[in-house]
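Have a look at the structure below, then the notes.
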Amino acid sequence: MDNTMTLILELAIIALLIVGITLFRTPRGARWGNLTAAAALLAAIVLVASTHRIVDVSWLVAALLIGGAVGIVVAVRVTMIQIPAMVAFQHGAGGVAACTVALVELTRSGAELTPLGEVSGYLGLVIGAATFSGSMLASAKLAAKIKQTPTILPKHNFALLILLAAIAGLCLTASASTGSGPIALLIVALAASVLLGWLFAIRIGGADMPVLISFLNATAGLAAAFCGIVIKNQLLIACGATVAASGSILTAVMCKAMNRSFVKVLSGNKSVPTSVTRPAAPERPAVPRVVRTFAESMTEAKRLLHEAGSVIIVPGYGMALAKAQFKVADLSQRLMQMGKKVSFAIHPVAGRMPGHMNVLLAEADVDYELLREMDDVNGEFAATDVVLVIGACDVVNPAAIMKADTPISGMPILNAHEAKHVLVFNLDERPGYSGVPNSLYDEPSTILLFGDAGKTIGEVLASLEPTPRLEGVNV
Amino acid sequence: MSDLILMLSVFAVAFGVGYLLISRVPPLLHTPLMSMTNAVSAVTILGAILLFTIPSGAGYKIVGMLALMTAAFNLIGGFVITDRMTRLFKTQQDSHLKSEDRGM
């Protein structure tokens with residue numbers, strides 16, 4: 001095949017990928033978009049394999065089969081709540097692929113590489129290795145295998161700077177030396193990059209995880225693009241750059257949703273007191289909180305829901321942890337059957353990665369047309385009879401917009417406090433990730449139902465059921 | 001020099017086009033989007049395949065196998081998970097048709 005033909009095919013493959021991404025504008029199109037992108041990559045693999053003479057075909061096929069089979073098994077078994085950890089783990093795998101390809105190219109054809117190729121090779125190696133360790137750490141945090149809170153080491157910034165300088169020095173020395181020097185130097189640089197990714201990710205945690213995972217998405221793409229420059233493959237560069245763009249956008253979206261600067265997130269600069277210091281004299285509301293027993297609150301909650309004409313449900317990650325989304329979905333169904341207007345208000349950072357809450361609700365069969373974004377739904381709280389806050393805390397904390405000098409001040413929230421009544425279904429009264437006590441709990445319009453959300457909502461649902469069980473409701 | 005310009009332009013154009021396209025994706029679909037682009041980032045598999053176009057020693061073969069396996073894991077796993085997720089999004093009208101997907 002001549003070069004022109006190859007170029008045309010490459011362009012066609014990129015066009016196919018663009019079509020795939022374009023289809024991601026609607027949920028219905030997204031499925032086809034994913035399959036289209038998969039087809040584009042399959043075509044790219046076939047093109048590369050057919051235009052080059054492969055030696056050691058058996059090694060190649062064996063590796064593809066093993067990697068692919070493990071990928072399928074894991075992907076089929078993973079649950080929707082584990083998605084963020086799984087995506088982070090895959091970013092890590094992508095990082096390994098990028099840094100190994102760069103390593104081989106640098107050591108094997110070092111002398112033939114152009115300066116551009118060489119620089120890209122080093123960047124691919126360092127970014128790939130750092131993406132690997134950062135992603136593995138993120139994945140372990142997201143899977144709760146290690147502590148989720150940020151860890152800040154003494155002189156953390158200084159250590160990062162020293163490490164960066166050392167990596168740069170190693171790469172420069174490797175580039176200048178000949179003979180057997182480079183391999184050893186590159187392996188040391190690789191190890192240092194692994195440490196760099198670890199140091200980088202260790203101080204990001206909790207509610208900042210969506211930012212970290214988006215950022216790692218961007219670096220995985222960037223590492224791929226640099227590998228593409230080394231081997232002069234336009235397809236690799238284009239796909240890698242597209243992924244880098246995607247990760248950058250999602251990182252920016254997440255930072256904006258939390259009113260946090262990217263630098264603050266990366267430096268672990270908290271919003272997150274690990275030991276929560278409550279304000280010395282918390283501002284008390286004008287009306288003291290109505291103290292009710294749980295039974296009284298429950299009776300009141302059931303009455304309010306019976307009488308309500310409109311209901312907004314605010315789900316948080318706590319709902320997913322309690323696996324209450326199925327009960328919540330059933331409750332929303334029942335309320336709609338009773339003729340009430342129901343919608344779900346989704347805060348952009350609800351969940352552990354961008355848009356995670358939407359997937360968790362989709363899994364529970366909630367109609368995606370009921371899922372409303374913050375900007376879209378915020379004007380409607382004031383005219384709403386009842387808001388159900390389920391396993392969410394910071395995203396409905398009025399302190400964010402009413403008080404200055406709290407870690408969440410300035411963060412856009414869902415205006416649940418404006419509704420006529422608020423029912424809070426949370427485990428307990430503890431502050432959310434930010435450590436700021438939720439002043440919504442003190443509002444006279446709020447009824448608190450602390451405990452396991454699945455159980456509490458089940459009880460509310462039972463009181464709304466006309467018959468013992470509805471057709472099609474199964475958990 | 002022409003190499004530099006060509007490759008930087010490919011990068012810049014792809015980044016720009018990606019940016020324009022992806023900023024139109026609604027937040028509802030951000031998780032499936034990231035999962036899909038995650039799979040696309042495993043395009044490094046092309047580089048891994050090219051490692052097998054030159055005869056080389058056992059050491060390089062093992063490193064090449066590692067690159068291929070991790071890339072294939074990322075690529076296939078990423079698309080399969082994204083497919084599972086995108087199938088979950090439905091409205092009440094079509095949900096009764098696909099209730100077997102529930103609770104996966």
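Residue numbering restarts at 1 in every chain; chains get A, B, ... in the order shown in the structure tokens, and ligands count up from 1 in that same order.
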Skip Ala130 (chain A) itself and residues of its chain fewer than 5 positions away, then list as a PDB file with N, CA and C atoms, in the first residue's frame all residues within 12 Å of it, counting only C-alpha atoms.
ATOM      1  N   HIS A  91      -6.528   3.613  33.299  1.00  0.00           N
ATOM      2  CA  HIS A  91      -5.588   4.693  32.979  1.00  0.00           C
ATOM      3  C   HIS A  91      -4.172   4.233  33.290  1.00  0.00           C
ATOM      4  N   GLY A  92      -4.037   3.551  34.425  1.00  0.00           N
ATOM      5  CA  GLY A  92      -2.728   3.048  34.840  1.00  0.00           C
ATOM      6  C   GLY A  92      -2.155   2.070  33.831  1.00  0.00           C
ATOM      7  N   ALA A  93      -3.008   1.168  33.346  1.00  0.00           N
ATOM      8  CA  ALA A  93      -2.561   0.203  32.338  1.00  0.00           C
ATOM      9  C   ALA A  93      -2.105   0.927  31.073  1.00  0.00           C
ATOM     10  N   GLY A  94      -2.871   1.949  30.692  1.00  0.00           N
ATOM     11  CA  GLY A  94      -2.489   2.755  29.527  1.00  0.00           C
ATOM     12  C   GLY A  94      -1.143   3.421  29.745  1.00  0.00           C
ATOM     13  N   GLY A  95      -0.913   3.885  30.976  1.00  0.00           N
ATOM     14  CA  GLY A  95       0.370   4.503  31.318  1.00  0.00           C
ATOM     15  C   GLY A  95       1.525   3.538  31.143  1.00  0.00           C
ATOM     16  N   VAL A  96       1.331   2.285  31.589  1.00  0.00           N
ATOM     17  CA  VAL A  96       2.373   1.265  31.432  1.00  0.00           C
ATOM     18  C   VAL A  96       2.686   1.059  29.951  1.00  0.00           C
ATOM     19  N   ALA A  98       2.265   3.112  27.476  1.00  0.00           N
ATOM     20  CA  ALA A  98       2.955   4.271  26.900  1.00  0.00           C
ATOM     21  C   ALA A  98       4.416   4.304  27.325  1.00  0.00           C
ATOM     22  N   CYS A  99       4.700   4.075  28.603  1.00  0.00           N
ATOM     23  CA  CYS A  99       6.095   4.213  29.020  1.00  0.00           C
ATOM     24  C   CYS A  99       6.956   3.053  28.510  1.00  0.00           C
ATOM     25  N   LEU A 123       9.387  12.405  27.236  1.00  0.00           N
ATOM     26  CA  LEU A 123       8.112  12.861  27.809  1.00  0.00           C
ATOM     27  C   LEU A 123       7.123  11.698  27.930  1.00  0.00           C
ATOM     28  N   GLY A 124       7.068  10.863  26.888  1.00  0.00           N
ATOM     29  CA  GLY A 124       6.178   9.700  26.929  1.00  0.00           C
ATOM     30  C   GLY A 124       6.547   8.776  28.071  1.00  0.00           C
ATOM     31  N   LEU A 125       7.835   8.577  28.261  1.00  0.00           N
ATOM     32  CA  LEU A 125       8.331   7.695  29.331  1.00  0.00           C
ATOM     33  C   LEU A 125       7.925   8.240  30.707  1.00  0.00           C
ATOM     34  N   SER A 135      -2.376   6.656  38.830  1.00  0.00           N
ATOM     35  CA  SER A 135      -3.660   5.995  38.605  1.00  0.00           C
ATOM     36  C   SER A 135      -3.860   4.819  39.543  1.00  0.00           C
ATOM     37  N   MET A 136      -2.795   4.064  39.767  1.00  0.00           N
ATOM     38  CA  MET A 136      -2.929   2.919  40.669  1.00  0.00           C
ATOM     39  C   MET A 136      -3.286   3.402  42.072  1.00  0.00           C
ATOM     40  N   LEU A 137      -2.652   4.492  42.474  1.00  0.00           N
ATOM     41  CA  LEU A 137      -2.945   5.065  43.786  1.00  0.00           C
ATOM     42  C   LEU A 137      -4.394   5.566  43.820  1.00  0.00           C
ATOM     43  N   ALA A 138      -4.803   6.260  42.769  1.00  0.00           N
ATOM     44  CA  ALA A 138      -6.181   6.765  42.700  1.00  0.00           C
ATOM     45  C   ALA A 138      -7.165   5.604  42.744  1.00  0.00           C
ATOM     46  N   LEU A 163      12.533  15.966  42.609  1.00  0.00           N
ATOM     47  CA  LEU A 163      12.321  14.781  41.787  1.00  0.00           C
ATOM     48  C   LEU A 163      12.235  15.156  40.305  1.00  0.00           C
ATOM     49  N   LEU A 164      11.490  16.229  40.023  1.00  0.00           N
ATOM     50  CA  LEU A 164      11.374  16.696  38.638  1.00  0.00           C
ATOM     51  C   LEU A 164      12.743  17.057  38.072  1.00  0.00           C
ATOM     52  N   ILE A 167      14.731  13.934  37.381  1.00  0.00           N
ATOM     53  CA  ILE A 167      14.284  13.238  36.165  1.00  0.00           C
ATOM     54  C   ILE A 167      14.806  13.966  34.924  1.00  0.00           C
ATOM     55  N   ALA A 189      15.325   6.791  35.523  1.00  0.00           N
ATOM     56  CA  ALA A 189      14.379   7.882  35.250  1.00  0.00           C
ATOM     57  C   ALA A 189      12.945   7.375  35.341  1.00  0.00           C
ATOM     58  N   LEU A 190      12.744   6.159  34.862  1.00  0.00           N
ATOM     59  CA  LEU A 190      11.420   5.550  34.903  1.00  0.00           C
ATOM     60  C   LEU A 190      10.966   5.342  36.351  1.00  0.00           C
ATOM     61  N   ALA A 191      11.887   4.815  37.161  1.00  0.00           N
ATOM     62  CA  ALA A 191      11.568   4.598  38.570  1.00  0.00           C
ATOM     63  C   ALA A 191      11.250   5.925  39.260  1.00  0.00           C
ATOM     64  N   ALA A 192      12.042   6.950  38.935  1.00  0.00           N
ATOM     65  CA  ALA A 192      11.809   8.266  39.538  1.00  0.00           C
ATOM     66  C   ALA A 192      10.449   8.816  39.109  1.00  0.00           C
ATOM     67  N   SER A 193      10.054   8.537  37.867  1.00  0.00           N
ATOM     68  CA  SER A 193       8.754   9.018  37.377  1.00  0.00           C
ATOM     69  C   SER A 193       7.605   8.312  38.090  1.00  0.00           C
ATOM     70  N   VAL A 194       7.808   7.019  38.381  1.00  0.00           N
ATOM     71  CA  VAL A 194       6.795   6.279  39.133  1.00  0.00           C
ATOM     72  C   VAL A 194       6.606   6.933  40.508  1.00  0.00           C
ATOM     73  N   LEU A 195       7.720   7.284  41.130  1.00  0.00           N
ATOM     74  CA  LEU A 195       7.665   7.957  42.430  1.00  0.00           C
ATOM     75  C   LEU A 195       6.984   9.325  42.298  1.00  0.00           C
ATOM     76  N   LEU A 196       7.269   9.997  41.183  1.00  0.00           N
ATOM     77  CA  LEU A 196       6.664  11.310  40.939  1.00  0.00           C
ATOM     78  C   LEU A 196       5.133  11.217  40.899  1.00  0.00           C
ATOM     79  N   GLY A 197       4.617  10.248  40.160  1.00  0.00           N
ATOM     80  CA  GLY A 197       3.168  10.065  40.060  1.00  0.00           C
ATOM     81  C   GLY A 197       2.558   9.762  41.417  1.00  0.00           C
ATOM     82  N   TRP A 198       3.268   8.970  42.194  1.00  0.00           N
ATOM     83  CA  TRP A 198       2.781   8.593  43.517  1.00  0.00           C
ATOM     84  C   TRP A 198       2.719   9.829  44.424  1.00  0.00           C
ATOM     85  N   LEU A 199       3.816  10.609  44.423  1.00  0.00           N
ATOM     86  CA  LEU A 199       3.869  11.826  45.246  1.00  0.00           C
ATOM     87  C   LEU A 199       2.787  12.818  44.833  1.00  0.00           C
ATOM     88  N   PHE A 200       2.514  12.833  43.552  1.00  0.00           N
ATOM     89  CA  PHE A 200       1.554  13.761  42.984  1.00  0.00           C
ATOM     90  C   PHE A 200       0.127  13.394  43.429  1.00  0.00           C
ATOM     91  N   ALA A 201      -0.187  12.105  43.365  1.00  0.00           N
ATOM     92  CA  ALA A 201      -1.569  11.675  43.616  1.00  0.00           C
ATOM     93  C   ALA A 201      -1.880  11.512  45.097  1.00  0.00           C
ATOM     94  N   PHE A 215      -7.810  14.421  35.406  1.00  0.00           N
ATOM     95  CA  PHE A 215      -6.457  14.845  35.061  1.00  0.00           C
ATOM     96  C   PHE A 215      -5.635  13.660  34.556  1.00  0.00           C
ATOM     97  N   LEU A 216      -5.792  12.505  35.204  1.00  0.00           N
ATOM     98  CA  LEU A 216      -5.057  11.312  34.767  1.00  0.00           C
ATOM     99  C   LEU A 216      -5.523  10.860  33.388  1.00  0.00           C
ATOM    100  N   THR A 219      -3.501  13.005  31.131  1.00  0.00           N
ATOM    101  CA  THR A 219      -2.081  12.630  31.024  1.00  0.00           C
ATOM    102  C   THR A 219      -1.918  11.307  30.265  1.00  0.00           C
ATOM    103  N   ALA A 220      -2.889  10.396  30.420  1.00  0.00           N
ATOM    104  CA  ALA A 220      -2.807   9.135  29.662  1.00  0.00           C
ATOM    105  C   ALA A 220      -2.856   9.437  28.168  1.00  0.00           C
ATOM    106  N   LEU A 222      -1.995  12.281  26.750  1.00  0.00           N
ATOM    107  CA  LEU A 222      -0.770  12.999  26.410  1.00  0.00           C
ATOM    108  C   LEU A 222       0.397  12.025  26.201  1.00  0.00           C
ATOM    109  N   ALA A 223       0.502  11.047  27.094  1.00  0.00           N
ATOM    110  CA  ALA A 223       1.571  10.041  26.976  1.00  0.00           C
ATOM    111  C   ALA A 223       1.434   9.293  25.651  1.00  0.00           C
TER     112      ALA A 223
END
### Task
Mind checking which residues fall within 9 Å of region 52-68 of chain B, counting only C-alpha atoms, ignoring those fewer than 4 positions away in the same chain, and posting them as a PyMOL selection string?
(chain A and resi 52-57+59-60+62-64+67+93-94+96-101+103-104+108) or (chain B and resi 44-48+72-73)
Can I get the selected residues back with C-alpha atoms, as a JSON list (two decimals), in the first residue's frame?
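For reference, result_35.json as written:
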[["chain", "number", "residue", "atom", "x", "y", "z"],
["A", 52, "HIS", "CA", 3.98, -3.45, 8.44],
["A", 53, "ARG", "CA", 5.72, -6.77, 8.40],
["A", 54, "ILE", "CA", 5.22, -8.29, 11.85],
["A", 55, "VAL", "CA", 7.88, -10.60, 13.21],
["A", 56, "ASP", "CA", 7.07, -12.93, 16.11],
["A", 57, "VAL", "CA", 3.37, -13.08, 15.24],
["A", 59, "TRP", "CA", 4.05, -13.45, 20.68],
["A", 60, "LEU", "CA", 1.89, -10.62, 19.44],
["A", 62, "ALA", "CA", -0.71, -14.26, 22.62],
["A", 63, "ALA", "CA", -0.25, -10.85, 24.27],
["A", 64, "LEU", "CA", -3.37, -9.46, 22.61],
["A", 67, "GLY", "CA", -4.69, -8.63, 27.69],
["A", 93, "ALA", "CA", -2.56, 0.20, 32.34],
["A", 94, "GLY", "CA", -2.49, 2.75, 29.53],
["A", 96, "VAL", "CA", 2.37, 1.27, 31.43],
["A", 97, "ALA", "CA", 1.82, 0.72, 27.71],
["A", 98, "ALA", "CA", 2.96, 4.27, 26.90],
["A", 99, "CYS", "CA", 6.09, 4.21, 29.02],
["A", 100, "THR", "CA", 7.17, 0.77, 27.81],
["A", 101, "VAL", "CA", 6.74, 1.72, 24.16],
["A", 103, "LEU", "CA", 11.44, 2.95, 26.66],
["A", 104, "VAL", "CA", 11.89, 0.44, 23.84],
["A", 108, "ARG", "CA", 16.63, 0.52, 20.59],
["B", 44, "THR", "CA", -0.72, 3.24, 22.23],
["B", 45, "ILE", "CA", -1.37, -0.34, 21.14],
["B", 46, "LEU", "CA", -0.35, 0.82, 17.65],
["B", 47, "GLY", "CA", 3.08, 1.67, 19.03],
["B", 48, "ALA", "CA", 3.20, -1.66, 20.83],
["B", 72, "ALA", "CA", -5.18, -4.49, 25.00],
["B", 73, "PHE", "CA", -6.56, -4.66, 28.54]]
### Selection: 8 Å around Met36 (chain B), only C-alpha atoms, excl. self and same-chain fewer than 2 positions, as JSON, numbers by chain
{"A": [34, 37], "B": [32, 33, 34, 38, 39, 40, 78, 79, 82]}
Convert the current residue selection to file output with N, CA, C and O atoms, as a PDB file, in the first residue's frame.
ATOM      1  N   ASN A  34     -19.851   4.938  21.212  1.00  0.00           N
ATOM      2  CA  ASN A  34     -18.830   4.061  21.768  1.00  0.00           C
ATOM      3  C   ASN A  34     -18.450   2.965  20.773  1.00  0.00           C
ATOM      4  O   ASN A  34     -17.276   2.683  20.551  1.00  0.00           O
ATOM      5  N   ALA A  37     -16.383   4.457  17.954  1.00  0.00           N
ATOM      6  CA  ALA A  37     -14.988   4.686  18.345  1.00  0.00           C
ATOM      7  C   ALA A  37     -14.230   3.362  18.402  1.00  0.00           C
ATOM      8  O   ALA A  37     -13.070   3.276  17.977  1.00  0.00           O
TER       9      ALA A  37
ATOM     10  N   PRO B  32     -19.537   7.922  31.011  1.00  0.00           N
ATOM     11  CA  PRO B  32     -19.304   7.100  29.817  1.00  0.00           C
ATOM     12  C   PRO B  32     -18.298   7.741  28.857  1.00  0.00           C
ATOM     13  O   PRO B  32     -17.488   7.036  28.259  1.00  0.00           O
ATOM     14  N   LEU B  33     -18.328   9.066  28.747  1.00  0.00           N
ATOM     15  CA  LEU B  33     -17.372   9.753  27.860  1.00  0.00           C
ATOM     16  C   LEU B  33     -15.947   9.485  28.320  1.00  0.00           C
ATOM     17  O   LEU B  33     -15.077   9.115  27.513  1.00  0.00           O
ATOM     18  N   MET B  34     -15.716   9.641  29.638  1.00  0.00           N
ATOM     19  CA  MET B  34     -14.344   9.440  30.108  1.00  0.00           C
ATOM     20  C   MET B  34     -13.924   7.986  29.950  1.00  0.00           C
ATOM     21  O   MET B  34     -12.785   7.689  29.608  1.00  0.00           O
ATOM     22  N   ASN B  38     -10.895   6.897  27.692  1.00  0.00           N
ATOM     23  CA  ASN B  38      -9.908   6.062  28.360  1.00  0.00           C
ATOM     24  C   ASN B  38      -9.526   4.885  27.454  1.00  0.00           C
ATOM     25  O   ASN B  38      -8.351   4.574  27.276  1.00  0.00           O
ATOM     26  N   ALA B  39     -10.537   4.277  26.846  1.00  0.00           N
ATOM     27  CA  ALA B  39     -10.267   3.185  25.911  1.00  0.00           C
ATOM     28  C   ALA B  39      -9.488   3.703  24.707  1.00  0.00           C
ATOM     29  O   ALA B  39      -8.547   3.055  24.234  1.00  0.00           O
ATOM     30  N   VAL B  40      -9.866   4.899  24.223  1.00  0.00           N
ATOM     31  CA  VAL B  40      -9.178   5.460  23.052  1.00  0.00           C
ATOM     32  C   VAL B  40      -7.708   5.751  23.365  1.00  0.00           C
ATOM     33  O   VAL B  40      -6.843   5.603  22.503  1.00  0.00           O
ATOM     34  N   GLY B  78     -12.063  -1.011  28.315  1.00  0.00           N
ATOM     35  CA  GLY B  78     -12.670   0.325  28.276  1.00  0.00           C
ATOM     36  C   GLY B  78     -13.920   0.373  27.415  1.00  0.00           C
ATOM     37  O   GLY B  78     -14.942   0.915  27.819  1.00  0.00           O
ATOM     38  N   PHE B  79     -13.841  -0.224  26.236  1.00  0.00           N
ATOM     39  CA  PHE B  79     -15.022  -0.194  25.366  1.00  0.00           C
ATOM     40  C   PHE B  79     -16.155  -1.059  25.923  1.00  0.00           C
ATOM     41  O   PHE B  79     -17.329  -0.693  25.823  1.00  0.00           O
ATOM     42  N   THR B  82     -17.829   0.842  28.801  1.00  0.00           N
ATOM     43  CA  THR B  82     -18.603   1.965  28.283  1.00  0.00           C
ATOM     44  C   THR B  82     -19.902   1.457  27.664  1.00  0.00           C
ATOM     45  O   THR B  82     -20.959   2.069  27.822  1.00  0.00           O
TER      46      THR B  82
END
#### Entry: Neighbour list for Val25 (chain B) as number ranges by chain, cut-off 10 Å, only C-alpha atoms, skip fewer than 6 positions in-chain
A: 21-27, 30; B: 33
Residue contacts of Ala329 (chain A) (8 Å, only C-alpha atoms) excluding same-chain residues fewer than 3 positions away, as a PDB file with N, CA and C atoms, in the first residue's frame:
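Written file, part32.pdb:
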ATOM      1  N   GLN A 325     -30.080   3.483  45.898  1.00  0.00           N
ATOM      2  CA  GLN A 325     -30.593   4.055  44.641  1.00  0.00           C
ATOM      3  C   GLN A 325     -31.764   3.259  44.067  1.00  0.00           C
ATOM      4  N   PHE A 326     -31.792   1.949  44.351  1.00  0.00           N
ATOM      5  CA  PHE A 326     -32.900   1.136  43.829  1.00  0.00           C
ATOM      6  C   PHE A 326     -34.202   1.488  44.549  1.00  0.00           C
ATOM      7  N   SER A 332     -39.471   7.144  43.554  1.00  0.00           N
ATOM      8  CA  SER A 332     -39.775   8.162  42.554  1.00  0.00           C
ATOM      9  C   SER A 332     -40.882   7.672  41.617  1.00  0.00           C
ATOM     10  N   GLN A 333     -40.825   6.390  41.274  1.00  0.00           N
ATOM     11  CA  GLN A 333     -41.871   5.775  40.443  1.00  0.00           C
ATOM     12  C   GLN A 333     -43.237   5.921  41.092  1.00  0.00           C
ATOM     13  N   LEU A 361     -27.812   6.155  38.928  1.00  0.00           N
ATOM     14  CA  LEU A 361     -29.278   6.240  38.855  1.00  0.00           C
ATOM     15  C   LEU A 361     -29.800   5.515  37.618  1.00  0.00           C
ATOM     16  N   ALA A 364     -30.283   2.039  38.286  1.00  0.00           N
ATOM     17  CA  ALA A 364     -31.499   1.745  39.053  1.00  0.00           C
ATOM     18  C   ALA A 364     -32.750   2.015  38.225  1.00  0.00           C
ATOM     19  N   ASP A 365     -32.604   2.179  36.903  1.00  0.00           N
ATOM     20  CA  ASP A 365     -33.728   2.372  35.991  1.00  0.00           C
ATOM     21  C   ASP A 365     -34.431   3.706  36.137  1.00  0.00           C
ATOM     22  N   VAL A 366     -33.735   4.715  36.627  1.00  0.00           N
ATOM     23  CA  VAL A 366     -34.347   6.047  36.665  1.00  0.00           C
ATOM     24  C   VAL A 366     -34.293   6.619  35.254  1.00  0.00           C
TER      25      VAL A 366
END
### Task
as a PyMOL selection string, list the residues of region 75-285 of chain A assigned to alpha helix (DSSP H) by DSSP on the backbone atoms of this structure.
chain A and resi 75-77+83-108+115-142+156-176+181-202+209-230+234-258+262-266
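Counting from CA of Lys341 (chain A), the distance to CA of Ile312 (chain A) is 8.2 Å.
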### Message
Considering only strand (DSSP E) as DSSP defines it on the backbone, what residues of region 132-376 of chain A qualify? List them as number ranges by chain.
### Response
A: 310-315, 341-346, 371-373
### Message
When you look at region 1-8 of chain B with a cut-off of 8 Å (counting only C-alpha atoms), what residues show up, excluding the ones that are within fewer than 2 positions of it in the same chain? I need them as a ChimeraX atom specification.
### Response
/A:116,229,232,234,237 /B:10-12
Since we have the selection now, will you write its residues out, keeping all heavy atoms, as a tab-separated table (two decimals), in the first residue's frame?
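Contents of the output file result_13.tsv:
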chain	number	residue	atom	x	y	z
A	116	LEU	N	13.27	15.89	18.02
A	116	LEU	CA	11.86	15.92	18.40
A	116	LEU	C	11.40	14.56	18.92
A	116	LEU	O	10.75	14.46	19.96
A	116	LEU	CB	10.99	16.34	17.20
A	116	LEU	CG	9.48	16.26	17.42
A	116	LEU	CD1	9.00	17.32	18.40
A	116	LEU	CD2	8.72	16.38	16.10
A	229	ILE	N	4.46	10.60	18.45
A	229	ILE	CA	5.50	11.44	17.84
A	229	ILE	C	6.79	10.64	17.66
A	229	ILE	O	7.44	10.72	16.63
A	229	ILE	CB	5.72	12.72	18.66
A	229	ILE	CG1	4.44	13.57	18.67
A	229	ILE	CG2	6.88	13.54	18.07
A	229	ILE	CD1	4.51	14.86	19.46
A	232	LYS	N	6.33	8.33	14.85
A	232	LYS	CA	5.81	9.04	13.68
A	232	LYS	C	4.52	8.43	13.17
A	232	LYS	O	4.38	8.13	11.97
A	232	LYS	CB	6.85	9.05	12.55
A	232	LYS	CG	8.10	9.78	12.95
A	232	LYS	CD	9.01	9.92	11.76
A	232	LYS	CE	10.33	10.52	12.19
A	232	LYS	NZ	11.39	10.27	11.23
A	234	GLN	N	0.67	9.29	12.86
A	234	GLN	CA	-0.31	10.39	12.99
A	234	GLN	C	-1.56	9.98	13.76
A	234	GLN	O	-2.13	10.77	14.50
A	234	GLN	CB	-0.74	10.88	11.61
A	234	GLN	CG	0.07	12.04	11.08
A	234	GLN	CD	1.44	11.61	10.58
A	234	GLN	OE1	2.33	11.42	11.37
A	234	GLN	NE2	1.59	11.46	9.29
A	237	ILE	N	-0.96	10.11	17.43
A	237	ILE	CA	-0.91	11.50	17.91
A	237	ILE	C	-2.32	12.07	18.00
A	237	ILE	O	-2.70	12.67	19.01
A	237	ILE	CB	-0.06	12.39	16.95
A	237	ILE	CG1	1.34	11.82	16.80
A	237	ILE	CG2	0.00	13.82	17.47
A	237	ILE	CD1	2.18	12.54	15.76
B	10	VAL	N	-0.68	18.15	13.73
B	10	VAL	CA	-1.64	17.05	13.98
B	10	VAL	C	-2.11	17.11	15.43
B	10	VAL	O	-3.31	17.04	15.71
B	10	VAL	CB	-0.99	15.67	13.68
B	10	VAL	CG1	-1.90	14.55	14.14
B	10	VAL	CG2	-0.71	15.53	12.20
B	11	PHE	N	-1.15	17.29	16.33
B	11	PHE	CA	-1.50	17.35	17.75
B	11	PHE	C	-2.45	18.52	18.02
B	11	PHE	O	-3.51	18.35	18.63
B	11	PHE	CB	-0.24	17.50	18.61
B	11	PHE	CG	-0.53	17.47	20.08
B	11	PHE	CD1	-0.51	16.27	20.79
B	11	PHE	CD2	-0.84	18.63	20.77
B	11	PHE	CE1	-0.80	16.23	22.13
B	11	PHE	CE2	-1.13	18.60	22.13
B	11	PHE	CZ	-1.11	17.40	22.81
B	12	ALA	N	-2.10	19.70	17.52
B	12	ALA	CA	-2.89	20.90	17.81
B	12	ALA	C	-4.29	20.79	17.23
B	12	ALA	O	-5.28	21.11	17.89
B	12	ALA	CB	-2.17	22.13	17.25
Give me the residues within 6 Å of region 393-407 of chain A as a short mmCIF file (atom, residue, chain, number, x, y, z; two decimals) with N, CA and C atoms, in the first residue's frame, counting only C-alpha atoms and dropping any in the same chain fewer than 2 places off.
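Produced file selection18.cif, reproduced below:
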data_model
loop_
_atom_site.label_atom_id
_atom_site.label_comp_id
_atom_site.auth_asym_id
_atom_site.auth_seq_id
_atom_site.Cartn_x
_atom_site.Cartn_y
_atom_site.Cartn_z
N SER A 271 -9.59 22.17 51.15
CA SER A 271 -10.86 22.29 51.75
C SER A 271 -10.99 21.24 52.80
N SER A 409 -16.93 27.84 50.92
CA SER A 409 -17.49 29.13 50.55
C SER A 409 -17.24 29.41 49.08
N GLY A 410 -18.30 29.81 48.39
CA GLY A 410 -18.16 30.09 46.96
C GLY A 410 -18.47 28.91 46.08
N MET A 411 -18.61 27.72 46.68
CA MET A 411 -18.95 26.55 45.85
C MET A 411 -20.43 26.61 45.50
N ILE A 413 -24.06 25.47 45.03
CA ILE A 413 -24.80 24.35 45.63
C ILE A 413 -26.18 24.24 45.03
N LEU A 414 -26.84 23.14 45.34
CA LEU A 414 -28.24 22.97 44.98
C LEU A 414 -29.06 23.67 46.06
N GLY A 432 -20.04 16.73 55.82
CA GLY A 432 -19.55 16.00 54.65
C GLY A 432 -18.03 16.07 54.57
N ASN A 438 -23.53 21.22 58.34
CA ASN A 438 -24.54 21.61 57.36
C ASN A 438 -25.62 22.44 58.02
N LEU A 440 -28.21 23.52 56.78
CA LEU A 440 -29.55 23.11 56.31
C LEU A 440 -30.27 22.33 57.41
#
